[in-house]
file data_18.txt (compact mmCIF, C-alpha atoms)
# COMPACT_ATOMS: atom_id res chain seq x y z
CA MET A 20 147.53 117.63 91.91
CA ALA A 21 145.84 120.01 94.33
CA SER A 22 143.73 121.54 91.58
CA GLY A 23 142.53 118.05 90.55
CA PHE A 24 141.51 117.34 94.16
CA PHE A 25 139.45 120.54 94.34
CA VAL A 26 137.81 119.73 90.99
CA VAL A 27 136.69 116.39 92.47
CA LEU A 28 135.35 118.19 95.55
CA ASP A 29 133.52 120.64 93.31
CA ASP A 30 131.97 117.76 91.34
CA ILE A 31 130.86 116.07 94.57
CA ALA A 32 129.35 119.33 95.84
CA ALA A 33 127.47 119.81 92.56
CA LEU A 34 126.20 116.22 92.72
CA MET A 35 125.01 116.65 96.32
CA ASP A 36 123.30 119.92 95.45
CA ASP A 37 121.52 118.27 92.50
CA ILE A 38 120.44 115.36 94.71
CA ALA A 39 119.17 117.77 97.37
CA MET A 40 117.07 119.61 94.79
CA SER A 41 115.80 116.34 93.28
CA THR A 42 114.91 114.96 96.71
CA LYS A 43 113.05 118.17 97.58
CA LEU A 44 111.06 117.95 94.33
CA ALA A 45 110.30 114.25 94.80
CA ALA A 46 109.24 114.86 98.42
CA LYS A 47 106.82 117.57 97.28
CA LYS A 48 105.28 115.27 94.67
CA THR A 49 104.86 112.45 97.20
CA ALA A 50 103.54 114.71 99.99
CA GLY A 51 99.92 113.75 99.34
CA ILE A 52 100.52 110.01 99.40
CA LEU A 53 102.76 110.44 102.48
CA GLY A 54 99.83 112.06 104.26
CA ASP A 55 97.62 109.11 103.33
CA ASP A 56 100.41 106.73 104.33
CA LEU A 57 100.56 108.39 107.77
CA ALA A 58 96.80 108.17 108.29
CA VAL A 59 96.58 104.53 107.21
CA ASN A 60 99.60 103.33 109.19
CA ALA A 61 98.70 105.32 112.29
CA GLU A 62 95.27 103.69 112.27
CA LYS A 63 96.80 100.22 111.82
CA SER A 64 99.42 100.77 114.52
CA THR A 65 97.09 101.94 117.28
CA GLY A 66 94.74 100.01 119.56
CA PHE A 67 97.22 97.57 121.11
CA LEU A 68 97.87 97.23 124.82
CA ALA A 69 100.33 99.84 126.12
CA ASN A 70 103.15 97.35 126.69
CA ARG A 71 102.80 96.04 123.12
CA GLU A 72 102.55 99.36 121.24
CA ILE A 73 106.27 100.00 120.68
CA PRO A 74 107.21 96.33 119.94
CA VAL A 75 104.36 96.13 117.40
CA LEU A 76 105.25 99.49 115.85
CA TRP A 77 108.92 98.44 115.63
CA ALA A 78 107.91 95.18 113.92
CA ILE A 79 105.85 97.14 111.37
CA THR A 80 108.68 99.65 110.89
CA LYS A 81 111.16 96.84 110.19
CA GLY A 82 108.67 95.40 107.71
CA SER A 83 108.42 98.81 106.07
CA PHE A 84 112.21 99.03 105.73
CA LEU A 85 112.22 95.55 104.17
CA ASN A 86 109.46 96.65 101.80
CA LYS A 87 111.59 99.58 100.63
CA LEU A 88 114.63 97.31 100.20
CA ILE A 89 112.51 95.14 97.88
CA ILE A 90 110.61 97.91 96.10
CA VAL A 91 113.45 100.31 95.20
CA PRO A 92 115.55 97.74 93.27
CA LEU A 93 112.35 96.19 91.85
CA ALA A 94 111.15 99.57 90.53
CA PHE A 95 114.46 100.29 88.80
CA THR A 96 114.68 96.75 87.41
CA LEU A 97 111.13 96.81 86.02
CA GLU A 98 111.62 100.34 84.68
CA TYR A 99 114.59 99.02 82.72
CA ILE A 100 113.14 95.65 81.65
CA TYR A 101 109.41 96.29 81.22
CA ALA A 102 108.02 99.54 82.65
CA PRO A 103 104.27 98.64 82.18
CA ALA A 104 104.70 95.88 84.78
CA ILE A 105 104.96 98.56 87.47
CA VAL A 106 101.53 99.86 86.48
CA TRP A 107 99.95 96.41 86.72
CA ILE A 108 101.48 95.86 90.15
CA LEU A 109 100.12 99.25 91.24
CA ILE A 110 96.62 98.41 89.96
CA LEU A 111 96.61 95.05 91.77
CA GLY A 112 97.79 96.83 94.90
CA GLY A 113 95.05 99.40 94.43
CA ILE A 114 92.43 96.64 94.36
CA TYR A 115 93.83 95.31 97.64
CA LEU A 116 93.66 98.77 99.25
CA ALA A 117 90.13 99.36 97.92
CA TYR A 118 89.07 95.97 99.29
CA GLU A 119 90.43 96.86 102.75
CA GLY A 120 88.69 100.24 102.77
CA ALA A 121 85.33 98.96 101.49
CA GLU A 122 85.42 95.93 103.80
CA LYS A 123 85.86 98.22 106.83
CA ILE A 124 82.94 100.41 105.78
CA ILE A 125 80.64 97.44 105.04
CA HIS A 126 81.58 95.74 108.31
CA SER A 127 80.97 98.92 110.33
CA LEU A 128 77.56 99.43 108.68
CA PHE A 129 76.27 95.91 109.21
CA ALA A 130 77.97 94.88 112.47
CA ALA A 131 76.17 96.00 115.60
CA ASN A 132 78.29 97.70 118.26
CA HIS A 133 81.29 97.33 115.95
CA THR A 134 83.48 99.78 117.86
CA GLU A 135 82.89 98.07 121.18
CA LYS A 136 83.72 94.66 119.67
CA ILE A 137 86.95 95.99 118.20
CA VAL A 138 88.05 97.41 121.55
CA ALA A 139 87.22 94.17 123.36
CA LYS A 140 89.12 92.13 120.81
CA ILE A 141 92.15 94.43 120.79
CA GLU A 142 92.52 94.06 124.55
CA SER A 143 92.70 90.28 124.26
CA LEU A 144 94.82 89.78 121.15
CA SER A 145 96.59 86.46 121.00
CA ALA A 146 100.11 86.18 119.56
CA ASP A 147 98.67 84.94 116.26
CA GLU A 148 96.11 87.77 116.09
CA GLU A 149 98.79 90.35 116.81
CA LYS A 150 101.03 88.83 114.14
CA GLY A 151 98.11 88.92 111.72
CA LYS A 152 97.54 92.64 112.34
CA ILE A 153 101.25 93.32 111.88
CA ASN A 154 101.33 91.38 108.60
CA SER A 155 98.24 93.25 107.39
CA ALA A 156 99.90 96.59 108.20
CA ILE A 157 103.10 95.55 106.37
CA LYS A 158 101.13 94.44 103.29
CA THR A 159 99.32 97.78 103.18
CA ASP A 160 102.62 99.58 103.67
CA PHE A 161 104.04 97.68 100.68
CA ILE A 162 101.39 99.08 98.32
CA LEU A 163 101.69 102.62 99.68
CA SER A 164 105.50 102.41 99.56
CA LEU A 165 105.33 101.18 95.97
CA GLU A 166 103.35 104.24 94.93
CA ILE A 167 105.70 106.58 96.83
CA VAL A 168 108.75 105.04 95.13
CA ILE A 169 107.18 105.16 91.67
CA ILE A 170 106.09 108.80 92.06
CA ALA A 171 109.56 109.70 93.32
CA LEU A 172 111.16 107.82 90.41
CA GLY A 173 108.88 109.55 87.92
CA SER A 174 109.91 112.96 89.24
CA VAL A 175 113.63 112.31 88.55
CA ILE A 176 113.38 110.10 85.47
CA ASP A 177 115.27 112.69 83.41
CA LYS A 178 118.20 112.80 85.86
CA PRO A 179 121.40 110.70 85.68
CA PHE A 180 120.94 107.12 86.87
CA MET A 181 123.03 107.56 90.03
CA ASN A 182 121.01 110.64 91.00
CA GLN A 183 117.81 108.63 90.52
CA ILE A 184 119.01 105.85 92.82
CA ILE A 185 120.15 108.19 95.60
CA THR A 186 117.07 110.43 95.39
CA VAL A 187 114.52 107.61 95.40
CA SER A 188 116.39 105.84 98.23
CA LEU A 189 116.40 109.04 100.31
CA VAL A 190 112.69 109.62 99.75
CA ALA A 191 111.97 105.99 100.73
CA LEU A 192 114.07 106.36 103.89
CA ILE A 193 112.49 109.71 104.82
CA ALA A 194 109.02 108.25 104.25
CA THR A 195 109.63 105.35 106.63
CA VAL A 196 111.39 107.30 109.39
CA GLY A 197 109.05 110.28 109.14
CA VAL A 198 105.77 108.35 109.02
CA TYR A 199 106.56 105.84 111.75
CA GLY A 200 108.28 108.45 113.90
CA ILE A 201 105.04 110.46 113.95
CA VAL A 202 103.01 107.29 114.53
CA ALA A 203 105.21 106.49 117.55
CA LEU A 204 104.46 109.93 119.01
CA ILE A 205 100.73 109.36 118.49
CA VAL A 206 100.56 105.92 120.13
CA LYS A 207 102.51 107.16 123.19
CA MET A 208 100.40 110.29 123.70
CA ASP A 209 98.64 108.88 126.73
CA ASP A 210 101.92 107.75 128.32
CA ALA A 211 103.30 111.28 127.89
CA GLY A 212 100.11 112.60 129.51
CA TYR A 213 100.49 110.32 132.55
CA ILE A 214 104.14 111.36 132.93
CA LEU A 215 103.16 115.04 132.91
CA LEU A 216 100.46 114.42 135.52
CA LYS A 217 102.90 112.54 137.72
CA LYS A 218 105.67 115.16 137.41
CA THR A 219 103.33 118.09 138.13
CA LYS A 220 101.28 116.26 140.78
CA GLU A 221 98.22 117.11 138.70
CA LYS A 222 98.67 120.87 139.16
CA GLY A 223 99.41 123.70 136.76
CA PHE A 224 99.38 124.18 133.01
CA LEU A 225 101.42 121.05 132.20
CA ALA A 226 98.94 118.96 134.17
CA VAL A 227 96.15 120.34 131.97
CA VAL A 228 98.23 119.43 128.90
CA GLY A 229 98.72 115.92 130.29
CA LYS A 230 95.00 115.44 130.87
CA GLY A 231 94.33 116.78 127.41
CA LEU A 232 96.69 114.22 125.83
CA ILE A 233 95.02 111.35 127.71
CA ILE A 234 91.50 112.50 126.81
CA ALA A 235 92.43 113.25 123.20
CA LEU A 236 94.00 109.87 122.37
CA PRO A 237 90.78 107.77 122.09
CA TRP A 238 89.20 110.47 119.93
CA LEU A 239 92.34 110.69 117.82
CA ILE A 240 92.35 106.92 117.30
CA LYS A 241 88.70 107.04 116.17
CA ALA A 242 89.52 109.92 113.83
CA LEU A 243 92.54 108.04 112.45
CA SER A 244 90.38 104.97 111.88
CA PHE A 245 87.97 107.05 109.80
CA ILE A 246 90.69 109.03 108.00
CA GLY A 247 92.72 105.88 107.38
CA THR A 248 89.75 104.12 105.77
CA ILE A 249 89.02 107.12 103.55
CA ALA A 250 92.73 107.34 102.67
CA LEU A 251 92.72 103.70 101.53
CA LEU A 252 89.84 104.44 99.16
CA LEU A 253 91.36 107.72 97.94
CA VAL A 254 94.76 106.15 97.23
CA SER A 255 93.24 103.16 95.43
CA GLY A 256 90.80 105.34 93.48
CA GLY A 257 93.64 107.62 92.45
CA ILE A 258 95.61 104.63 91.19
CA PHE A 259 92.70 103.42 89.04
CA ILE A 260 91.96 106.85 87.55
CA HIS A 261 95.59 107.77 86.87
CA TYR A 262 96.88 104.41 85.63
CA ILE A 263 93.90 102.85 83.81
CA PRO A 264 93.45 104.74 80.50
CA TRP A 265 89.69 104.20 80.07
CA ALA A 266 89.06 105.18 83.71
CA HIS A 267 91.17 108.31 83.20
CA HIS A 268 89.21 109.27 80.08
CA LEU A 269 85.91 108.61 81.88
CA ALA A 270 86.99 110.82 84.80
CA GLU A 271 87.83 113.63 82.37
CA ARG A 272 84.16 113.76 81.36
CA PHE A 273 83.34 114.73 84.94
CA ASN A 274 85.85 117.60 85.15
CA ASN A 275 83.28 119.65 87.07
CA ILE A 276 83.57 117.22 89.98
CA SER A 277 86.48 117.38 92.41
CA SER A 278 89.21 114.82 91.72
CA ILE A 279 89.06 113.80 95.39
CA ILE A 280 85.38 112.88 95.05
CA LEU A 281 86.10 110.93 91.86
CA ASP A 282 88.97 109.06 93.55
CA LEU A 283 86.72 108.23 96.51
CA ILE A 284 83.85 107.01 94.31
CA SER A 285 86.24 104.94 92.21
CA GLY A 286 87.76 103.36 95.33
CA ILE A 287 84.34 102.57 96.81
CA ILE A 288 83.04 100.97 93.57
CA VAL A 289 86.11 98.78 93.01
CA GLY A 290 86.40 97.97 96.71
CA SER A 291 82.74 96.92 96.95
CA LEU A 292 83.13 94.71 93.87
CA ALA A 293 86.29 93.18 95.36
CA VAL A 294 84.53 92.46 98.67
CA GLY A 295 81.58 90.89 96.83
CA ALA A 296 83.87 88.79 94.63
CA TRP A 297 85.90 87.58 97.61
CA ASN A 298 82.80 86.70 99.65
CA LEU A 299 81.34 84.82 96.66
CA PHE A 300 84.63 82.95 96.20
CA THR A 301 84.84 81.95 99.87
CA TYR A 302 81.16 80.87 99.84
CA LEU A 303 81.59 78.70 96.73
CA TYR A 304 84.89 77.31 98.03
CA ALA A 305 83.21 76.31 101.30
CA LYS A 306 80.38 74.63 99.32
CA ILE A 307 82.84 72.69 97.17
CA LYS A 308 84.80 71.50 100.21
CA LYS A 309 81.62 70.09 101.71
call {"tool": "encode", "arguments": {"input": "data_18.txt", "output": "structure tokens"}}
result
Amino acid sequence: MASGFFVVLDDIAALMDDIAMSTKLAAKKTAGILGDDLAVNAEKSTGFLANREIPVLWAITKGSFLNKLIIVPLAFTLEYIYAPAIVWILILGGIYLAYEGAEKIIHSLFAANHTEKIVAKIESLSADEEKGKINSAIKTDFILSLEIVIIALGSVIDKPFMNQIITVSLVALIATVGVYGIVALIVKMDDAGYILLKKTKEKGFLAVVGKGLIIALPWLIKALSFIGTIALLLVSGGIFIHYIPWAHHLAERFNNISSIILDLISGIIVGSLAVGAWNLFTYLYAKIKK
């Protein structure tokens, strides 16, 4: 009886060890997209009034958890029923990400004093505008989460089914907690700086650190806005090149060019076409309504 109990314990230990190794491997393979996920979501979660930062970030985080609860079962179901459907969903998501990235670039190029207008608008967000920004962030998170889950699933596809479920679920959980935990630290940088200044009475090394945090935050937000836009285009471009066969074969002809540059160019081209198509659709729709 005792020996049987220890055999069970040994089996559980072996399973946990296998899951730990699988999770480590999956985390390594998703590291790149997690970095892009952080940049994009940090950019989308900043710029609110101080008293709204944490409530907004919490709303986005809850949306991200809900996304994972939808995506993980969906990925396993589609993998079992019709695996190519996952690819089509990814491609459609990639078009959405490319549209967002290209639209930001086009708007910043052709809108005068764009940065100042954004700041002014952010400081006077209505409840509906805030909800719209939250929904936009959650939609973007859905696409990024989908790619994270699929990459994680692909890295353990040869493992037993239970190992796949646990590993992919752990990676999804780590992605959400890790990304939004770091974002929370970023958006509260200035508050931490003010606390340090108050505690030290603006004297000493910690006071210098506090001032540095306050000064650095606006620059960090601008940098995140730029990095987040580029990340949207890189992620979408990577989806097109890796999951569309003819695009993959075309990219192979330019093997002397960095894959990052190819992803960026691909994202910009598709994003620009998507922006043009959407603007044409809205223009024609408005004409028809008249």
call {"tool": "residues_near_point", "arguments": {"input": "data_18.txt", "point": "(88.4, 99.3, 91.8)", "cutoff": "7 Å", "atoms": "only C-alpha atoms", "output": "list in words"}}
result
Ile114, Ala117, Gly256, Phe259, Ser285, Gly286, Ile288, Val289 and Gly290 of chain A
call {"tool": "atom_distance", "arguments": {"input": "data_18.txt", "atom1": "atom CA of Ile176 of chain A", "atom2": "atom CA of Ile105 of chain A"}}
result
14.4 Å
call {"tool": "atom_distance", "arguments": {"input": "data_18.txt", "atom1": "atom CA of Leu165 of chain A", "atom2": "atom CA of Glu119 of chain A"}}
result
16.9 Å
call {"tool": "closest_residue", "arguments": {"input": "data_18.txt", "among": "A:His126, A:Lys87, A:Arg71, A:Lys308", "to": "Thr195 of chain A", "atoms": "all atoms listed in the file"}}
result
A:Lys87
call {"tool": "closest_residue", "arguments": {"input": "data_18.txt", "among": "A:Val254, A:Gln183, A:Leu299, A:Leu292", "to": "Phe95 of chain A", "atoms": "only C-alpha atoms"}}
result
A:Gln183
